[in-house]
Each structure stands twice: as structure tokens, then as C-alpha cells.
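Peer 1: Take a look at run28.cif, mmCIF, C-alpha atoms and all ligand atoms:
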data_coords
#
loop_
_atom_site.label_atom_id
_atom_site.label_comp_id
_atom_site.auth_asym_id
_atom_site.auth_seq_id
_atom_site.Cartn_x
_atom_site.Cartn_y
_atom_site.Cartn_z
CA MET F 1 0.00 0.00 0.00
CA ARG F 2 1.33 3.43 -0.91
CA VAL F 3 1.04 5.74 2.03
CA PHE F 4 2.97 8.71 0.75
CA SER F 5 2.33 9.73 -2.81
CA ARG F 6 4.86 12.54 -3.01
CA PRO F 7 8.48 12.79 -1.85
CA ALA F 8 7.63 16.08 -0.16
CA SER F 9 5.54 14.16 2.37
CA TRP F 10 8.69 12.72 3.92
CA VAL F 11 10.06 16.19 4.54
CA VAL F 12 6.88 17.12 6.39
CA ILE F 13 6.93 13.90 8.43
CA LEU F 14 10.58 14.42 9.43
CA ALA F 15 9.96 18.02 10.38
CA LEU F 16 7.13 16.92 12.68
CA ALA F 17 8.84 13.86 14.11
CA LEU F 18 12.24 15.27 15.03
CA PRO F 19 11.13 17.73 17.73
CA ALA F 20 8.88 15.04 19.23
CA ALA F 21 11.80 12.61 19.35
CA PHE F 22 13.80 15.10 21.38
CA LEU F 23 10.95 15.65 23.82
CA LEU F 24 10.38 11.94 24.36
CA ALA F 25 14.05 10.98 24.62
CA PRO F 26 14.69 8.79 27.69
CA GLY F 27 17.02 10.19 30.30
CA ALA F 28 15.67 13.72 30.10
CA CYS F 29 16.05 15.22 33.54
CA ALA F 30 12.88 16.37 35.26
CA LYS F 31 14.55 19.66 36.10
CA SER F 32 15.70 20.38 32.55
CA LYS F 33 13.74 22.48 30.10
CA SER F 34 12.94 19.47 27.92
CA GLN F 35 10.16 18.07 30.07
CA PRO F 36 8.80 14.73 28.88
CA THR F 37 5.35 15.01 27.40
CA VAL F 38 2.56 12.48 27.42
CA ALA F 39 -0.11 12.76 24.75
CA GLY F 40 0.73 16.42 24.20
CA ARG F 41 0.41 17.26 27.89
CA PRO F 42 3.47 18.37 29.91
CA ALA F 43 4.32 15.62 32.37
CA ASN F 44 4.49 18.04 35.30
CA MET F 45 0.80 18.79 34.72
CA LEU F 46 -0.13 15.16 35.33
CA PRO F 47 -1.95 14.46 38.59
CA PRO F 48 0.26 12.88 41.25
CA VAL F 49 -0.04 9.30 42.36
CA TYR F 50 0.18 8.45 46.04
CA ILE F 51 1.92 5.68 47.97
CA HIS F 52 0.65 5.35 51.53
CA MET F 53 2.16 4.19 54.76
CA ASN F 54 -0.94 3.67 56.88
CA GLY F 55 0.16 1.24 59.54
CA PHE F 56 1.90 -2.09 59.95
CA ASN F 57 5.24 -0.84 58.55
CA ASP F 58 4.31 -1.41 54.94
CA PHE F 59 3.92 0.53 51.68
CA LEU F 60 0.27 0.01 50.80
CA GLU F 61 0.74 0.41 47.02
CA SER F 62 4.01 -1.48 46.85
CA VAL F 63 3.95 -1.86 43.06
CA LEU F 64 2.89 1.19 41.10
CA ALA F 65 3.18 2.38 37.51
CA VAL F 66 3.58 6.07 36.65
CA GLN F 67 4.21 8.05 33.52
CA PRO F 68 7.63 9.67 32.99
CA GLY F 69 7.70 12.94 34.91
CA GLN F 70 4.50 12.22 36.82
CA PRO F 71 4.87 13.17 40.50
CA VAL F 72 4.87 10.34 43.05
CA ILE F 73 3.99 11.39 46.59
CA PHE F 74 4.68 9.17 49.59
CA VAL F 75 2.14 9.88 52.32
CA ASN F 76 2.90 8.77 55.87
CA GLN F 77 -0.34 8.22 57.80
CA ASP F 78 1.46 5.91 60.18
CA THR F 79 2.45 6.81 63.73
CA GLY F 80 6.12 6.01 63.12
CA ALA F 81 8.72 7.57 60.83
CA HIS F 82 9.82 5.85 57.63
CA THR F 83 12.51 6.34 55.03
CA ILE F 84 12.16 5.85 51.28
CA GLN F 85 15.50 4.82 49.85
CA GLY F 86 16.00 3.74 46.24
CA TYR F 87 18.51 1.03 45.45
CA ASP F 88 19.86 -0.94 42.54
CA PRO F 89 18.92 -4.63 43.03
CA ARG F 90 21.87 -5.69 40.88
CA THR F 91 24.43 -4.10 43.18
CA GLY F 92 22.72 -2.89 46.35
CA GLN F 93 23.95 0.63 45.63
CA PRO F 94 21.62 3.44 46.80
CA LEU F 95 19.87 5.65 44.24
CA ASN F 96 20.09 9.42 44.64
CA SER F 97 16.86 9.88 42.68
CA ILE F 98 14.81 8.34 45.52
CA SER F 99 15.99 9.28 49.00
CA GLY F 100 13.61 10.73 51.55
CA MET F 101 12.21 10.52 55.06
CA VAL F 102 8.68 11.02 56.34
CA MET F 103 7.83 11.64 59.98
CA GLY F 104 4.99 9.90 61.78
CA THR F 105 1.68 11.43 62.88
CA PRO F 106 -0.22 10.98 66.17
CA GLY F 107 -3.46 10.38 64.30
CA PRO F 108 -6.30 11.97 62.28
CA GLY F 109 -6.36 15.76 62.35
CA HIS F 110 -2.60 16.10 62.75
CA LYS F 111 -0.03 17.09 60.15
CA ILE F 112 0.86 14.37 57.66
CA SER F 113 4.43 14.14 56.37
CA THR F 114 4.98 13.55 52.64
CA TYR F 115 7.88 13.00 50.27
CA ARG F 116 7.59 13.88 46.58
CA VAL F 117 9.70 12.38 43.84
CA ILE F 118 9.71 12.80 40.04
CA LEU F 119 11.27 10.18 37.80
CA ALA F 120 11.68 11.33 34.21
CA LYS F 121 13.42 8.29 32.78
CA PRO F 122 11.43 5.10 32.02
CA GLY F 123 12.55 2.14 34.08
CA ILE F 124 11.97 0.05 37.20
CA TYR F 125 12.83 1.78 40.46
CA TYR F 126 13.23 -0.22 43.66
CA TYR F 127 13.02 1.32 47.11
CA TYR F 128 12.78 0.25 50.75
CA CYS F 129 12.50 1.67 54.25
CA THR F 130 15.90 1.51 55.89
CA ILE F 131 14.29 1.53 59.36
CA HIS F 132 12.02 -1.46 58.84
CA ALA F 133 13.76 -3.54 56.17
CA VAL F 134 17.23 -4.64 55.21
CA LEU F 135 18.88 -5.43 51.89
CA GLN F 136 19.96 -9.03 51.90
CA LYS F 137 22.55 -10.46 49.52
CA VAL F 138 21.10 -13.19 47.34
CA TYR F 139 23.62 -13.97 44.61
CA HIS F 140 26.91 -12.41 43.65
CA HIS F 141 26.33 -8.65 44.20
CA MET F 142 22.53 -8.82 43.90
CA VAL F 143 20.25 -7.90 46.80
CA GLN F 144 16.61 -8.28 47.81
CA PRO F 145 14.72 -6.44 50.54
CA ALA F 146 14.02 -8.54 53.62
CA HIS F 147 12.13 -8.11 56.85
CA ARG F 148 14.28 -6.48 59.49
CA PRO F 149 14.39 -8.77 62.53
CA GLY F 150 12.52 -7.34 65.50
CA VAL F 151 10.26 -5.05 63.44
CA HIS F 152 6.56 -5.54 64.08
CA GLY F 153 3.87 -5.40 61.41
CA PHE F 154 3.58 -7.55 58.33
CA GLY F 155 6.07 -10.36 57.96
CA GLY F 156 7.29 -9.11 54.61
CA ALA F 157 9.89 -6.44 53.89
CA MET F 158 8.84 -2.79 53.85
CA ALA F 159 9.76 -2.17 50.23
CA GLY F 160 8.25 -1.34 46.86
CA VAL F 161 8.72 -0.83 43.15
CA ILE F 162 7.82 2.10 40.91
CA ILE F 163 7.54 1.33 37.20
CA VAL F 164 8.01 4.43 35.06
CA THR F 165 6.33 3.73 31.74
CA LYS F 166 4.04 5.02 29.03
CA GLU F 167 2.42 1.60 28.69
CA LYS F 168 -1.27 2.16 29.31
CA ALA F 169 -1.95 -1.49 30.13
CA LEU F 170 0.40 -1.20 33.13
CA LEU F 171 -0.87 2.21 34.22
CA ARG F 172 -4.44 0.87 34.31
CA GLU F 173 -3.50 -1.78 36.87
CA ASN F 174 -2.77 0.71 39.65
CA PRO F 175 -4.90 0.26 42.77
CA PRO F 176 -7.60 2.95 43.25
CA THR F 177 -6.04 4.18 46.51
CA CYS F 178 -3.12 5.67 44.57
CA HIS F 179 -5.41 8.48 43.38
CA VAL F 180 -6.35 9.56 46.93
CA ARG F 181 -3.99 11.76 48.95
CA THR F 182 -5.02 10.65 52.43
CA LEU F 183 -6.98 7.51 53.24
CA LYS F 184 -9.80 7.41 55.75
CA GLY F 185 -9.83 4.97 58.64
CA TYR F 186 -6.10 4.37 58.73
CA PHE F 187 -4.22 2.74 61.53
CA GLY F 188 -3.64 5.24 64.30
CA GLY F 189 -2.41 3.16 67.20
CU CU R 1 9.59 2.10 57.75
#
Would you give me this structure, written as C-alpha cells?
Ligand SMILES: [Cu+2]
Peer 2:
Amino acid sequence: MRVFSRPASWVVILALALPAAFLLAPGACAKSKSQPTVAGRPANMLPPVYIHMNGFNDFLESVLAVQPGQPVIFVNQDTGAHTIQGYDPRTGQPLNSISGMVMGTPGPGHKISTYRVILAKPGIYYYYCTIHAVLQKVYHHMVQPAHRPGVHGFGGAMAGVIIVTKEKALLRENPPTCHVRTLKGYFGG
């Protein structure tokens, strides 16, 4: 099937495609002028997604997909403090792009501590709470998060994964709580 009948069409296509290719190039820093765009909308205009700590020393939405440049906000509705530390599971090295701390809250009606992060480059980002989990060596230099001995709450490790992607099928699988800033009826003891 002939799509383009005239050679001039290619010139037009190239002229349109080249600027878009620059805007969508992976690795663009969130702080640079070349913000990633999604469907013609600047990524920093996208609504944030939320990851909650609402008791039991756990990240409620432990696996979450976001679009490049879309803000991710960690919301601590728990009584205790938590850290959010990114790491490379292949080496155990910490990531500078995810490194924060959120203080606890006595309960409903009090100030809630949050940590905001923006990841512009598509990829899989691993993080854990350094207070309530440990990175355990599994093979060669690789690590996996593990439950820190003596920590109460769920038996699993306080850790999670953020998938930065434009794949709509993945983005649709997010739990509904990720669209709500603070959850009602959280653990306050
Ligand atoms: Cu923690």
C-alpha cells in the first residue's frame, strides 16, 4: 500500500517527528527544560499518584506504575517515621533519585508528612525503608529487601517498586487508593 504519494511528504513527516523525538528521549532530567510530554500534555501537569504508609510498617501500594515525569507522593499516615530509599537490586547501591524521610503522625487531624519524587526516565525503580527492612545479599552482588528482625507489622519487607512507563496497560493496573492523597480509617495506634 502506498502511504505517501509525493516525496515532499517525507520532509513534512521528518519536520514533525524530530522535535517530538527530542521531547520523548529517555534520560531527560525532570529539572531540565525538555520536560517529557505524554499525549501532548506536559508531564508536570499530570496528577500525582500516592503511595501510603498507613500502619503495619508497609507501603500500601508497593507496586505502582507512573508516567515519565508524573509526581509520586509518599504519604505517611502511620504513627512512626519511615525512610524511602531507592537502590539498585543488581548491586545494592543506593539511588540518589529516591531518597527521603517522612515523619509519623499521632493520628487523624494532625499534620501528615509527605515525600515527593519525580522520575523522568522510564525504568523500574526499587526502594525500601531503611528503618524497617534490610537489603539481603542473594547472589553475587545482587540484593533483595528482607524483613528487618525485631520489626513488628507484616512479615514481609517494607519495600516497593515504581515502574516508570508510558504503557497504558500497566498504568491501568494501579490500585484505586493511589489516586487519593489521604486515606480514611487508617491505623492510628
Ligand atoms: Cu519504615
Peer 1: Would you list the residues that come within 6 Å of ligand CU 1 (chain R)? Count only C-alpha atoms and all ligand atoms and give the answer as a compact mmCIF listing (two decimals) with C-alpha atoms, keeping the file's coordinate frame.
Peer 2:
# COMPACT_ATOMS: atom_id res chain seq x y z
CA ASN F 57 5.24 -0.84 58.55
CA HIS F 82 9.82 5.85 57.63
CA THR F 83 12.51 6.34 55.03
CA CYS F 129 12.50 1.67 54.25
CA ILE F 131 14.29 1.53 59.36
CA HIS F 132 12.02 -1.46 58.84
Peer 1: Counting all atoms listed in the file, which of F:Met53, F:Leu119, F:Met142, F:Val134 gets nearest to F:Gly104?
Peer 2: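 Checking each of F:Met53, F:Leu119, F:Met142, F:Val134 against F:Gly104, counting all atoms listed in the file, the winner is F:Met53.
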Peer 1: Between F:Arg181, F:His147, F:His152, F:Lys168, which residue has the minimum interatomic distance to F:Gly55, considering all atoms listed in the file?
Peer 2: F:His152
Peer 1: Record the distance separating atom CA of F:Glu167 and atom CA of F:His179, expressed in Å with one decimal.
Peer 2: 18.0 Å
Peer 1: Between F:Val180, F:Gln70, F:Ile51, F:Ile98, single out the one closest to F:Tyr127, counting all atoms listed in the file.
Peer 2: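 Answer, going by the shortest atom-to-atom distance: F:Ile98.
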Peer 1: For stretch 72-74 of chain F, find every residue with an atom within 6 Å (counting all atoms listed in the file), except residues of its own chain fewer than 5 positions away, and show them as a PyMOL selection string.
Peer 2: chain F and resi 48-52+114-117
Peer 1: Which distance in Å separates atom CA of F:Tyr125 and atom CA of F:Pro47, to one decimal?
Peer 2: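 Atom CA of F:Pro47 lies at a distance of 19.6 Å from atom CA of F:Tyr125.
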Peer 1: List the spatial neighbours of stretch 106-109 of chain F as a compact mmCIF listing (two decimals) with C-alpha atoms, in the coordinates of the input - criterion: any atom at most 12 Å away, all atoms listed in the file, same-chain residues fewer than 2 positions off excluded.
Peer 2:
# COMPACT_ATOMS: atom_id res chain seq x y z
CA ASN F 54 -0.94 3.67 56.88
CA GLY F 55 0.16 1.24 59.54
CA ASN F 76 2.90 8.77 55.87
CA GLN F 77 -0.34 8.22 57.80
CA ASP F 78 1.46 5.91 60.18
CA THR F 79 2.45 6.81 63.73
CA GLY F 80 6.12 6.01 63.12
CA ALA F 81 8.72 7.57 60.83
CA MET F 103 7.83 11.64 59.98
CA GLY F 104 4.99 9.90 61.78
CA LYS F 111 -0.03 17.09 60.15
CA ILE F 112 0.86 14.37 57.66
CA SER F 113 4.43 14.14 56.37
CA THR F 182 -5.02 10.65 52.43
CA LEU F 183 -6.98 7.51 53.24
CA LYS F 184 -9.80 7.41 55.75
CA GLY F 185 -9.83 4.97 58.64
CA TYR F 186 -6.10 4.37 58.73
CA PHE F 187 -4.22 2.74 61.53
CA GLY F 188 -3.64 5.24 64.30
CA GLY F 189 -2.41 3.16 67.20
Peer 1: Which value, in Å to one decimal, gives the distance between atom CA of F:Gly153 and atom CA of F:Tyr126?
Peer 2: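 If I compute the distance from atom CA of F:Gly153 to atom CA of F:Tyr126, I get 20.7 Å.
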Peer 1: Give the answer as one residue: which of F:Val66, F:Met45, F:Met101, F:Ala133 has the shortest atom-to-atom distance to F:Gly150, using only C-alpha atoms?
Peer 2: F:Ala133
Peer 1: Using only C-alpha atoms, which residue out of F:Ile84, F:Ile162, F:Val75, F:Val143 lies closest to F:Tyr128?
Peer 2: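 Checking each candidate against F:Tyr128, we get F:Ile84 as the closest.
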Peer 1: Find the residue from F:Thr130, F:Pro68, F:Pro176, F:Tyr87 that sits nearest to F:Arg148; use all atoms listed in the file when measuring.
Peer 2: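 Result for the nearest residue to F:Arg148: F:Thr130.
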Peer 1: At a cut-off of 7 Å from (9.2, -3.1, 50.7) in the coordinates of the file, what residues are picked up using all atoms listed in the file, written as a list of chain:residue names?
Peer 2: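 These residues have at least one counted atom within 7 Å: F:Asp58, F:Phe59, F:Ser62, F:Tyr127, F:Tyr128, F:Cys129, F:Pro145, F:Ala157, F:Met158, F:Ala159, F:Gly160.
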Peer 1: May I have the selected residues written with C-alpha atoms, as a short mmCIF file (atom, residue, chain, number, x, y, z; two decimals), keeping the file's coordinate frame?
Peer 2:
data_model
loop_
_atom_site.label_atom_id
_atom_site.label_comp_id
_atom_site.auth_asym_id
_atom_site.auth_seq_id
_atom_site.Cartn_x
_atom_site.Cartn_y
_atom_site.Cartn_z
CA ASP F 58 4.31 -1.41 54.94
CA PHE F 59 3.92 0.53 51.68
CA SER F 62 4.01 -1.48 46.85
CA TYR F 127 13.02 1.32 47.11
CA TYR F 128 12.78 0.25 50.75
CA CYS F 129 12.50 1.67 54.25
CA PRO F 145 14.72 -6.44 50.54
CA ALA F 157 9.89 -6.44 53.89
CA MET F 158 8.84 -2.79 53.85
CA ALA F 159 9.76 -2.17 50.23
CA GLY F 160 8.25 -1.34 46.86
#
Peer 1: As an mmCIF file, in the coordinates of the input, could you write out stretch 163-183 of chain F once it has been completed with N, CA and C atoms?
Peer 2:
data_model
loop_
_atom_site.group_PDB
_atom_site.id
_atom_site.type_symbol
_atom_site.label_atom_id
_atom_site.label_comp_id
_atom_site.auth_asym_id
_atom_site.auth_seq_id
_atom_site.Cartn_x
_atom_site.Cartn_y
_atom_site.Cartn_z
ATOM 1 N N ILE F 163 7.259 1.580 38.616
ATOM 2 C CA ILE F 163 7.540 1.330 37.200
ATOM 3 C C ILE F 163 7.213 2.609 36.444
ATOM 4 N N VAL F 164 8.219 3.209 35.836
ATOM 5 C CA VAL F 164 8.010 4.430 35.060
ATOM 6 C C VAL F 164 7.851 4.028 33.596
ATOM 7 N N THR F 165 6.662 4.252 33.059
ATOM 8 C CA THR F 165 6.330 3.730 31.740
ATOM 9 C C THR F 165 5.226 4.545 31.070
ATOM 10 N N LYS F 166 5.164 4.418 29.765
ATOM 11 C CA LYS F 166 4.040 5.020 29.030
ATOM 12 C C LYS F 166 3.027 3.940 28.643
ATOM 13 N N GLU F 167 3.281 2.726 29.054
ATOM 14 C CA GLU F 167 2.420 1.600 28.690
ATOM 15 C C GLU F 167 1.089 1.688 29.431
ATOM 16 N N LYS F 168 0.033 1.930 28.681
ATOM 17 C CA LYS F 168 -1.270 2.160 29.310
ATOM 18 C C LYS F 168 -1.796 0.918 30.026
ATOM 19 N N ALA F 169 -1.472 -0.259 29.500
ATOM 20 C CA ALA F 169 -1.950 -1.490 30.130
ATOM 21 C C ALA F 169 -1.408 -1.611 31.560
ATOM 22 N N LEU F 170 -0.174 -1.163 31.782
ATOM 23 C CA LEU F 170 0.400 -1.200 33.130
ATOM 24 C C LEU F 170 -0.189 -0.109 34.007
ATOM 25 N N LEU F 171 -0.347 1.079 33.435
ATOM 26 C CA LEU F 171 -0.870 2.210 34.220
ATOM 27 C C LEU F 171 -2.290 1.941 34.705
ATOM 28 N N ARG F 172 -3.048 1.178 33.927
ATOM 29 C CA ARG F 172 -4.440 0.870 34.310
ATOM 30 C C ARG F 172 -4.521 -0.083 35.498
ATOM 31 N N GLU F 173 -3.449 -0.782 35.805
ATOM 32 C CA GLU F 173 -3.500 -1.780 36.870
ATOM 33 C C GLU F 173 -3.240 -1.204 38.262
ATOM 34 N N ASN F 174 -3.011 0.101 38.340
ATOM 35 C CA ASN F 174 -2.770 0.710 39.650
ATOM 36 C C ASN F 174 -3.985 0.556 40.554
ATOM 37 N N PRO F 175 -3.763 0.339 41.847
ATOM 38 C CA PRO F 175 -4.900 0.260 42.770
ATOM 39 C C PRO F 175 -5.567 1.631 42.914
ATOM 40 N N PRO F 176 -6.888 1.668 43.179
ATOM 41 C CA PRO F 176 -7.600 2.950 43.250
ATOM 42 C C PRO F 176 -7.098 3.873 44.352
ATOM 43 N N THR F 177 -6.513 3.324 45.409
ATOM 44 C CA THR F 177 -6.040 4.180 46.510
ATOM 45 C C THR F 177 -4.914 5.121 46.078
ATOM 46 N N CYS F 178 -4.246 4.825 44.989
ATOM 47 C CA CYS F 178 -3.120 5.670 44.570
ATOM 48 C C CYS F 178 -3.585 7.036 44.043
ATOM 49 N N HIS F 179 -4.888 7.193 43.847
ATOM 50 C CA HIS F 179 -5.410 8.480 43.380
ATOM 51 C C HIS F 179 -5.916 9.357 44.527
ATOM 52 N N VAL F 180 -5.830 8.847 45.750
ATOM 53 C CA VAL F 180 -6.350 9.560 46.930
ATOM 54 C C VAL F 180 -5.176 9.986 47.803
ATOM 55 N N ARG F 181 -5.142 11.265 48.194
ATOM 56 C CA ARG F 181 -3.990 11.760 48.950
ATOM 57 C C ARG F 181 -3.923 11.141 50.354
ATOM 58 N N THR F 182 -5.001 11.255 51.095
ATOM 59 C CA THR F 182 -5.020 10.650 52.430
ATOM 60 C C THR F 182 -6.198 9.690 52.526
ATOM 61 N N LEU F 183 -5.966 8.549 53.136
ATOM 62 C CA LEU F 183 -6.980 7.510 53.240
ATOM 63 C C LEU F 183 -7.722 7.628 54.573
#
